[in-house]
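Okay, start04.cif now, which holds mmCIF, C-alpha atoms and all ligand atoms:
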data_structure
loop_
_atom_site.label_atom_id
_atom_site.label_comp_id
_atom_site.auth_asym_id
_atom_site.auth_seq_id
_atom_site.Cartn_x
_atom_site.Cartn_y
_atom_site.Cartn_z
CA MET A 1 0.00 0.00 0.00
CA PRO A 2 1.49 3.39 -0.90
CA GLY A 3 2.31 5.44 2.18
CA PRO A 4 1.76 9.18 2.54
CA THR A 5 5.12 9.83 0.85
CA ALA A 6 4.24 7.82 -2.27
CA ASP A 7 4.12 10.76 -4.66
CA LEU A 8 7.17 12.47 -3.15
CA PHE A 9 9.40 9.42 -3.52
CA ALA A 10 7.68 7.57 -6.32
CA ASP A 11 10.73 5.51 -7.29
CA ASP A 12 10.43 3.10 -4.41
CA ALA A 13 7.55 4.08 -2.16
CA LEU A 14 5.60 1.08 -3.35
CA GLN A 15 8.27 -1.39 -2.33
CA GLN A 16 9.32 -0.63 1.24
CA PRO A 17 10.34 -3.71 3.23
CA ALA A 18 8.21 -4.23 6.34
CA GLY A 19 8.92 -1.65 9.01
CA ARG A 20 10.88 0.68 6.75
CA GLU A 21 9.43 4.17 6.31
CA GLN A 22 11.00 6.64 3.94
CA ILE A 23 10.95 10.13 5.49
CA GLY A 24 13.18 11.96 3.02
CA GLU A 25 14.89 11.37 -0.30
CA GLN A 26 17.70 9.50 1.48
CA SER A 27 16.28 9.03 5.00
CA TYR A 28 14.53 6.05 6.54
CA VAL A 29 12.93 5.03 9.83
CA LEU A 30 13.56 1.33 10.53
CA ARG A 31 10.85 0.50 13.08
CA GLY A 32 12.03 -1.76 15.91
CA TYR A 33 15.29 -2.48 14.09
CA ALA A 34 17.37 -2.40 17.31
CA LEU A 35 15.09 -4.71 19.30
CA PRO A 36 16.89 -7.97 18.42
CA TRP A 37 20.18 -6.32 19.50
CA ILE A 38 18.96 -4.86 22.80
CA GLU A 39 20.08 -7.70 25.03
CA ARG A 40 23.69 -7.28 23.84
CA LEU A 41 23.43 -3.52 23.47
CA LEU A 42 22.40 -2.52 27.00
CA PRO A 43 25.36 -4.08 28.87
CA ALA A 44 27.75 -2.50 26.33
CA LEU A 45 26.09 0.87 26.85
CA ARG A 46 26.27 0.49 30.62
CA SER A 47 29.99 -0.19 30.46
CA VAL A 48 30.61 2.85 28.21
CA LEU A 49 28.67 5.08 30.62
CA ALA A 50 30.60 3.74 33.62
CA GLN A 51 33.77 5.06 31.94
CA SER A 52 32.34 8.29 30.49
CA PRO A 53 29.23 9.29 32.45
CA PHE A 54 26.54 11.64 31.15
CA ARG A 55 27.22 15.31 31.71
CA GLN A 56 25.33 18.46 30.78
CA MET A 57 27.31 20.69 28.46
CA VAL A 58 27.28 24.45 28.00
CA THR A 59 27.01 25.82 24.46
CA PRO A 60 29.21 28.65 23.13
CA GLY A 61 26.16 30.90 23.66
CA GLY A 62 26.24 30.12 27.39
CA PHE A 63 23.18 27.85 27.49
CA THR A 64 23.24 24.57 29.40
CA MET A 65 21.88 21.83 27.12
CA SER A 66 18.86 20.04 28.60
CA ALA A 67 20.01 16.71 27.15
CA ALA A 68 23.00 15.18 28.93
CA LEU A 69 25.77 13.80 26.69
CA SER A 70 28.46 11.20 26.51
CA SER A 71 30.32 9.56 23.62
CA CYS A 72 32.23 6.47 22.63
CA GLY A 73 34.47 5.69 19.68
CA ALA A 74 37.68 7.33 18.48
CA LEU A 75 36.05 10.78 18.57
CA GLY A 76 33.49 12.29 20.93
CA TRP A 77 31.49 15.46 20.54
CA THR A 78 31.94 18.20 23.09
CA THR A 79 30.97 21.80 23.53
CA ASP A 80 32.08 24.54 25.86
CA THR A 81 32.21 28.32 25.80
CA THR A 82 34.85 28.26 23.04
CA GLY A 83 32.86 26.19 20.54
CA TYR A 84 31.60 22.80 19.34
CA ARG A 85 34.05 20.14 18.22
CA TYR A 86 34.98 16.48 18.03
CA SER A 87 37.82 15.47 20.31
CA PRO A 88 39.74 12.21 20.88
CA LEU A 89 39.73 12.87 24.66
CA ASP A 90 36.86 13.04 27.12
CA PRO A 91 37.36 16.52 28.63
CA ARG A 92 36.09 15.22 31.97
CA SER A 93 38.76 12.51 32.38
CA GLN A 94 41.34 13.79 29.86
CA GLN A 95 41.40 10.13 28.71
CA PRO A 96 40.34 8.69 25.34
CA TRP A 97 36.60 8.06 25.04
CA PRO A 98 35.56 4.42 25.60
CA ALA A 99 36.00 2.29 22.46
CA LEU A 100 32.95 1.76 20.24
CA PRO A 101 31.59 -1.64 21.34
CA ASP A 102 31.35 -4.25 18.54
CA VAL A 103 27.60 -4.69 19.05
CA LEU A 104 27.01 -0.97 18.49
CA ARG A 105 29.18 -0.89 15.38
CA GLU A 106 27.47 -3.96 13.95
CA LEU A 107 24.01 -2.50 14.55
CA ALA A 108 24.91 0.86 12.98
CA VAL A 109 26.63 -0.62 9.93
CA SER A 110 23.80 -3.08 9.36
CA ALA A 111 21.11 -0.37 9.63
CA ALA A 112 23.04 1.91 7.25
CA ALA A 113 23.28 -0.91 4.70
CA ASP A 114 19.52 -1.49 5.04
CA ALA A 115 19.00 2.15 4.09
CA ARG A 116 21.34 1.74 1.08
CA PHE A 117 24.46 3.25 2.62
CA SER A 118 27.09 0.57 2.19
CA ASP A 119 30.55 0.77 3.78
CA PHE A 120 29.48 2.97 6.72
CA ASP A 121 32.52 3.26 9.00
CA PRO A 122 31.49 5.24 12.10
CA ASP A 123 34.23 6.68 14.32
CA ALA A 124 31.96 8.52 16.76
CA CYS A 125 28.87 7.54 18.73
CA LEU A 126 27.17 10.37 20.62
CA ILE A 127 24.93 9.35 23.46
CA ASN A 128 22.16 11.77 24.43
CA ARG A 129 20.07 11.33 27.56
CA TYR A 130 16.70 13.08 27.82
CA VAL A 131 14.68 13.15 31.01
CA PRO A 132 11.04 14.30 30.71
CA GLY A 133 11.03 17.96 29.65
CA ALA A 134 14.44 17.79 27.96
CA LYS A 135 14.55 18.70 24.25
CA MET A 136 16.92 19.51 21.43
CA SER A 137 16.36 22.72 19.52
CA LEU A 138 16.37 22.78 15.73
CA HIS A 139 19.96 22.57 14.45
CA GLN A 140 22.18 21.17 11.71
CA ASP A 141 25.00 18.70 12.34
CA LYS A 142 27.95 20.41 10.71
CA ASN A 143 30.97 19.48 12.85
CA GLU A 144 31.72 16.25 10.98
CA ARG A 145 34.44 16.29 8.35
CA CYS A 146 32.64 13.87 6.06
CA TYR A 147 29.08 14.68 4.93
CA SER A 148 29.03 11.82 2.42
CA ALA A 149 28.60 9.36 5.33
CA PRO A 150 25.12 8.95 6.81
CA VAL A 151 24.10 9.49 10.43
CA VAL A 152 22.46 6.51 12.15
CA SER A 153 20.34 7.06 15.26
CA VAL A 154 19.03 4.48 17.74
CA SER A 155 16.16 5.47 20.07
CA LEU A 156 15.82 3.79 23.48
CA GLY A 157 13.30 4.31 26.26
CA LEU A 158 10.61 6.99 26.30
CA ALA A 159 9.08 8.03 22.99
CA ALA A 160 10.11 11.26 21.29
CA ILE A 161 8.67 13.52 18.64
CA PHE A 162 11.49 14.12 16.20
CA LEU A 163 11.37 17.30 14.11
CA PHE A 164 12.69 16.88 10.58
CA GLY A 165 13.02 20.22 8.85
CA GLY A 166 14.53 21.39 5.60
CA HIS A 167 17.73 23.11 4.58
CA GLU A 168 16.65 26.50 5.92
CA ARG A 169 15.87 27.02 9.59
CA GLY A 170 12.44 28.40 8.73
CA ASP A 171 11.39 25.44 6.54
CA ARG A 172 8.36 23.49 7.76
CA ALA A 173 9.37 20.50 9.91
CA GLN A 174 7.72 17.07 9.75
CA LYS A 175 6.96 15.51 13.14
CA ILE A 176 7.96 11.87 13.43
CA SER A 177 7.32 9.79 16.55
CA LEU A 178 10.26 7.61 17.55
CA PHE A 179 9.90 4.68 19.93
CA HIS A 180 12.16 2.29 21.85
CA GLY A 181 14.15 0.26 19.33
CA ASP A 182 13.54 2.49 16.30
CA VAL A 183 16.56 3.26 14.12
CA VAL A 184 16.74 6.22 11.75
CA VAL A 185 19.26 6.67 8.95
CA TRP A 186 19.85 10.06 7.32
CA GLY A 187 22.28 10.68 4.51
CA GLY A 188 23.07 12.13 1.13
CA VAL A 189 20.88 15.09 0.24
CA ASP A 190 19.20 14.95 3.69
CA ARG A 191 22.42 15.00 5.70
CA LEU A 192 22.38 18.75 6.42
CA ARG A 193 18.66 19.17 7.07
CA PHE A 194 17.63 20.97 10.25
CA HIS A 195 16.33 18.66 12.98
CA GLY A 196 15.44 18.63 16.64
CA VAL A 197 13.52 16.84 19.38
CA MET A 198 10.35 18.16 21.10
CA PRO A 199 10.31 18.14 24.92
CA ILE A 200 10.02 14.54 26.13
CA LYS A 201 6.70 13.76 27.82
CA GLU A 202 6.55 12.54 31.42
CA GLY A 203 6.66 8.77 31.67
CA VAL A 204 8.49 5.66 32.74
CA HIS A 205 9.68 3.14 30.16
CA PRO A 206 9.47 -0.48 31.37
CA ILE A 207 13.09 -1.24 30.43
CA MET A 208 14.85 2.14 30.40
CA GLY A 209 12.98 3.91 33.21
CA PRO A 210 12.09 7.64 33.16
CA GLN A 211 14.36 8.64 30.27
CA ARG A 212 15.09 8.50 26.56
CA ILE A 213 18.57 7.61 25.38
CA ASN A 214 19.56 8.27 21.78
CA LEU A 215 22.71 6.95 20.16
CA THR A 216 23.95 8.67 17.00
CA PHE A 217 26.68 7.12 14.90
CA ARG A 218 28.72 9.33 12.62
CA THR A 219 31.87 9.48 10.58
CA ALA A 220 33.32 12.58 12.15
CA GLY A 221 37.03 12.51 11.33
C1 LIG B 1 18.74 14.41 10.76
N1 LIG B 1 20.08 14.05 18.20
O1 LIG B 1 22.75 14.44 18.58
S1 LIG B 1 18.63 11.96 16.15
C2 LIG B 1 22.18 15.12 17.71
O2 LIG B 1 17.25 12.23 19.08
C3 LIG B 1 20.72 14.98 17.50
O3 LIG B 1 19.00 12.80 20.20
C4 LIG B 1 18.66 13.86 18.15
O4 LIG B 1 20.19 15.69 16.73
C5 LIG B 1 18.28 12.87 19.21
O5 LIG B 1 22.79 15.90 16.97
C6 LIG B 1 18.14 13.52 16.81
C7 LIG B 1 20.00 12.33 15.15
C8 LIG B 1 20.18 13.06 13.91
C9 LIG B 1 21.48 13.35 13.68
C10 LIG B 1 21.88 13.95 12.54
C11 LIG B 1 20.98 14.31 11.56
C12 LIG B 1 19.26 13.41 12.95
C13 LIG B 1 19.64 14.03 11.77
C14 LIG B 1 21.40 14.93 10.36
C15 LIG B 1 20.49 15.27 9.40
C16 LIG B 1 19.16 15.02 9.60
FE FE B 2 21.71 16.67 15.45
#
Would you write the structure of this file as structure tokens?
Amino acid sequence: MPGPTADLFADDALQQPAGREQIGEQSYVLRGYALPWIERLLPALRSVLAQSPFRQMVTPGGFTMSAALSSCGALGWTTDTTGYRYSPLDPRSQQPWPALPDVLRELAVSAAADARFSDFDPDACLINRYVPGAKMSLHQDKNERCYSAPVVSVSLGLAAIFLFGGHERGDRAQKISLFHGDVVVWGGVDRLRFHGVMPIKEGVHPIMGPQRINLTFRTAG
């Protein structure tokens, strides 16, 4: 059955595999894609967070971000009053970020391939933690060196309404609900589109508790 995007993406809207929703020319939601990996994923995530705990960062504009952040992989994303950047060291420990666990790499590479991005080789995994009320304002991800690689996101815990805008800040944004286990892949012509997350609603997720955790895999260096 053609989905609502059938006329926008006529080349393949009629042939989406089960659970794959096309949300842009080169962007896909893979519903529940991470669920079969969760049992291996959660212990790996716990071990990463034991080494590099969540912390709230301050933007160059002086605002404290409502989402708390950590990272794993060769590069981690940080911000402070001097600017945004990727760094090989966790500024909190002055040590390298925890390595990217195999299970996370396998999940990200496999999801990218499902969305027709072969040879994805992520070197950074940002970990965002949202408690109810936390949000992410509309922004572009422009600190990566390589825009030809996609971004892969894994949603865990409480649901979120993801805002998917256009190439100009003022462009109308689509609202897309993301649930525990959903994976989204963005790339190609959609890689620099504005995006954000609406404030997370109050709630308690049966596995993750009162929070949403989002993992984003990128090729940053
Ligand atoms: C769409 N995170 O960390 S998913 C971020 O749910 C970020 O935590 C959100 O935006 C979250 O930067 C949204 C990730 C995402 C990342 C890059 C994109 C969505 C994107 C690039 C282009 C379009
Ligand atoms: Fe982003």
Determine the nearest neighbour of Ala112 of chain A from the options A:Pro88, A:Val151, A:Gly188, A:Gly166, counting all atoms listed in the file.
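Result for the nearest residue to Ala112 of chain A: A:Val151.
Comparing the minimum interatomic distances between ligand FE 2 (chain B) and each of A:Arg212, A:His139, A:Arg105, A:Arg145, counting only C-alpha atoms and all ligand atoms, we find that A:His139 sits nearest.
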Using all atoms listed in the file, which residues have at least one atom no more than 6 Å from ligand LIG 1 (chain B)? Output them as a PyMOL selection string.
chain A and resi 128+141+151+153+186+190-193+195-197+214+216
Just give me the gap between atom CA of Ala134 of chain A and atom CA of Arg46 of chain A in Å, one decimal is fine.
21.1 Å
Near-Asp102 of chain A list (10 Å; only C-alpha atoms; drop same-chain fewer than 5 positions) as a list in words
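These residues fall inside the cut-off: Arg40, Leu41, Ala44, Leu107 and Ala108 of chain A.
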Counting all atoms listed in the file, the option among A:Leu89, A:Gly165, A:Pro122, A:Ile127 closest to Ser70 of chain A:
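Distance minimum relative to Ser70 of chain A lands on A:Ile127.
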Report, in Å with one decimal, the straight-line distance from atom CA of Cys125 of chain A to atom CA of Cys72 of chain A.
5.3 Å
All heavy atoms are needed for segment 203-214 of chain A; please write them out as a PDB file, in the frame of the given file.
ATOM      1  N   GLY A 203       6.969  10.184  31.825  1.00  0.00           N
ATOM      2  CA  GLY A 203       6.660   8.770  31.670  1.00  0.00           C
ATOM      3  C   GLY A 203       7.773   7.912  32.228  1.00  0.00           C
ATOM      4  O   GLY A 203       8.830   8.427  32.617  1.00  0.00           O
ATOM      5  N   VAL A 204       7.498   6.624  32.287  1.00  0.00           N
ATOM      6  CA  VAL A 204       8.490   5.660  32.740  1.00  0.00           C
ATOM      7  C   VAL A 204       8.483   4.515  31.730  1.00  0.00           C
ATOM      8  O   VAL A 204       7.442   3.892  31.504  1.00  0.00           O
ATOM      9  CB  VAL A 204       8.167   5.125  34.156  1.00  0.00           C
ATOM     10  CG1 VAL A 204       9.224   4.119  34.599  1.00  0.00           C
ATOM     11  CG2 VAL A 204       8.072   6.275  35.160  1.00  0.00           C
ATOM     12  N   HIS A 205       9.601   4.258  31.105  1.00  0.00           N
ATOM     13  CA  HIS A 205       9.680   3.140  30.160  1.00  0.00           C
ATOM     14  C   HIS A 205       9.987   1.856  30.934  1.00  0.00           C
ATOM     15  O   HIS A 205      10.827   1.872  31.837  1.00  0.00           O
ATOM     16  CB  HIS A 205      10.766   3.418  29.117  1.00  0.00           C
ATOM     17  CG  HIS A 205      10.804   2.373  28.051  1.00  0.00           C
ATOM     18  ND1 HIS A 205      11.590   1.247  28.141  1.00  0.00           N
ATOM     19  CD2 HIS A 205      10.110   2.271  26.888  1.00  0.00           C
ATOM     20  CE1 HIS A 205      11.393   0.501  27.065  1.00  0.00           C
ATOM     21  NE2 HIS A 205      10.501   1.098  26.288  1.00  0.00           N
ATOM     22  N   PRO A 206       9.298   0.751  30.586  1.00  0.00           N
ATOM     23  CA  PRO A 206       9.470  -0.480  31.370  1.00  0.00           C
ATOM     24  C   PRO A 206      10.912  -1.000  31.432  1.00  0.00           C
ATOM     25  O   PRO A 206      11.279  -1.630  32.422  1.00  0.00           O
ATOM     26  CB  PRO A 206       8.559  -1.498  30.660  1.00  0.00           C
ATOM     27  CG  PRO A 206       8.104  -0.860  29.403  1.00  0.00           C
ATOM     28  CD  PRO A 206       8.262   0.618  29.557  1.00  0.00           C
ATOM     29  N   ILE A 207      11.702  -0.751  30.411  1.00  0.00           N
ATOM     30  CA  ILE A 207      13.090  -1.240  30.430  1.00  0.00           C
ATOM     31  C   ILE A 207      14.071  -0.130  30.799  1.00  0.00           C
ATOM     32  O   ILE A 207      14.982  -0.328  31.602  1.00  0.00           O
ATOM     33  CB  ILE A 207      13.473  -1.843  29.057  1.00  0.00           C
ATOM     34  CG1 ILE A 207      12.598  -3.063  28.774  1.00  0.00           C
ATOM     35  CG2 ILE A 207      14.952  -2.216  29.002  1.00  0.00           C
ATOM     36  CD1 ILE A 207      12.630  -3.514  27.334  1.00  0.00           C
ATOM     37  N   MET A 208      13.864   1.062  30.252  1.00  0.00           N
ATOM     38  CA  MET A 208      14.850   2.140  30.400  1.00  0.00           C
ATOM     39  C   MET A 208      14.533   3.098  31.545  1.00  0.00           C
ATOM     40  O   MET A 208      15.362   3.953  31.869  1.00  0.00           O
ATOM     41  CB  MET A 208      14.954   2.929  29.087  1.00  0.00           C
ATOM     42  CG  MET A 208      15.291   2.087  27.863  1.00  0.00           C
ATOM     43  SD  MET A 208      16.859   1.191  27.990  1.00  0.00           S
ATOM     44  CE  MET A 208      18.020   2.562  28.002  1.00  0.00           C
ATOM     45  N   GLY A 209      13.325   3.001  32.120  1.00  0.00           N
ATOM     46  CA  GLY A 209      12.980   3.910  33.210  1.00  0.00           C
ATOM     47  C   GLY A 209      12.530   5.271  32.687  1.00  0.00           C
ATOM     48  O   GLY A 209      12.076   5.383  31.550  1.00  0.00           O
ATOM     49  N   PRO A 210      12.650   6.324  33.524  1.00  0.00           N
ATOM     50  CA  PRO A 210      12.090   7.640  33.160  1.00  0.00           C
ATOM     51  C   PRO A 210      13.038   8.452  32.278  1.00  0.00           C
ATOM     52  O   PRO A 210      13.441   9.571  32.629  1.00  0.00           O
ATOM     53  CB  PRO A 210      11.882   8.306  34.527  1.00  0.00           C
ATOM     54  CG  PRO A 210      12.948   7.704  35.391  1.00  0.00           C
ATOM     55  CD  PRO A 210      13.199   6.301  34.880  1.00  0.00           C
ATOM     56  N   GLN A 211      13.407   7.936  31.133  1.00  0.00           N
ATOM     57  CA  GLN A 211      14.360   8.640  30.270  1.00  0.00           C
ATOM     58  C   GLN A 211      14.294   8.127  28.839  1.00  0.00           C
ATOM     59  O   GLN A 211      13.780   7.040  28.552  1.00  0.00           O
ATOM     60  CB  GLN A 211      15.797   8.420  30.785  1.00  0.00           C
ATOM     61  CG  GLN A 211      16.183   6.951  30.767  1.00  0.00           C
ATOM     62  CD  GLN A 211      17.614   6.677  31.219  1.00  0.00           C
ATOM     63  OE1 GLN A 211      18.461   7.550  31.208  1.00  0.00           O
ATOM     64  NE2 GLN A 211      17.880   5.431  31.606  1.00  0.00           N
ATOM     65  N   ARG A 212      14.837   8.934  27.947  1.00  0.00           N
ATOM     66  CA  ARG A 212      15.090   8.500  26.560  1.00  0.00           C
ATOM     67  C   ARG A 212      16.587   8.602  26.327  1.00  0.00           C
ATOM     68  O   ARG A 212      17.209   9.606  26.700  1.00  0.00           O
ATOM     69  CB  ARG A 212      14.372   9.410  25.580  1.00  0.00           C
ATOM     70  CG  ARG A 212      14.804   9.188  24.135  1.00  0.00           C
ATOM     71  CD  ARG A 212      13.968  10.015  23.144  1.00  0.00           C
ATOM     72  NE  ARG A 212      14.259   9.601  21.788  1.00  0.00           N
ATOM     73  CZ  ARG A 212      15.078  10.280  20.967  1.00  0.00           C
ATOM     74  NH1 ARG A 212      15.660  11.408  21.342  1.00  0.00           N
ATOM     75  NH2 ARG A 212      15.289   9.822  19.751  1.00  0.00           N
ATOM     76  N   ILE A 213      17.158   7.564  25.763  1.00  0.00           N
ATOM     77  CA  ILE A 213      18.570   7.610  25.380  1.00  0.00           C
ATOM     78  C   ILE A 213      18.632   7.460  23.874  1.00  0.00           C
ATOM     79  O   ILE A 213      17.974   6.596  23.295  1.00  0.00           O
ATOM     80  CB  ILE A 213      19.392   6.526  26.104  1.00  0.00           C
ATOM     81  CG1 ILE A 213      19.467   6.866  27.604  1.00  0.00           C
ATOM     82  CG2 ILE A 213      20.792   6.419  25.518  1.00  0.00           C
ATOM     83  CD1 ILE A 213      20.261   5.876  28.443  1.00  0.00           C
ATOM     84  N   ASN A 214      19.386   8.347  23.223  1.00  0.00           N
ATOM     85  CA  ASN A 214      19.560   8.270  21.780  1.00  0.00           C
ATOM     86  C   ASN A 214      21.036   8.126  21.456  1.00  0.00           C
ATOM     87  O   ASN A 214      21.872   8.874  21.972  1.00  0.00           O
ATOM     88  CB  ASN A 214      19.001   9.536  21.120  1.00  0.00           C
ATOM     89  CG  ASN A 214      19.142   9.469  19.604  1.00  0.00           C
ATOM     90  OD1 ASN A 214      20.088   9.992  19.032  1.00  0.00           O
ATOM     91  ND2 ASN A 214      18.224   8.783  18.958  1.00  0.00           N
TER      92      ASN A 214
END
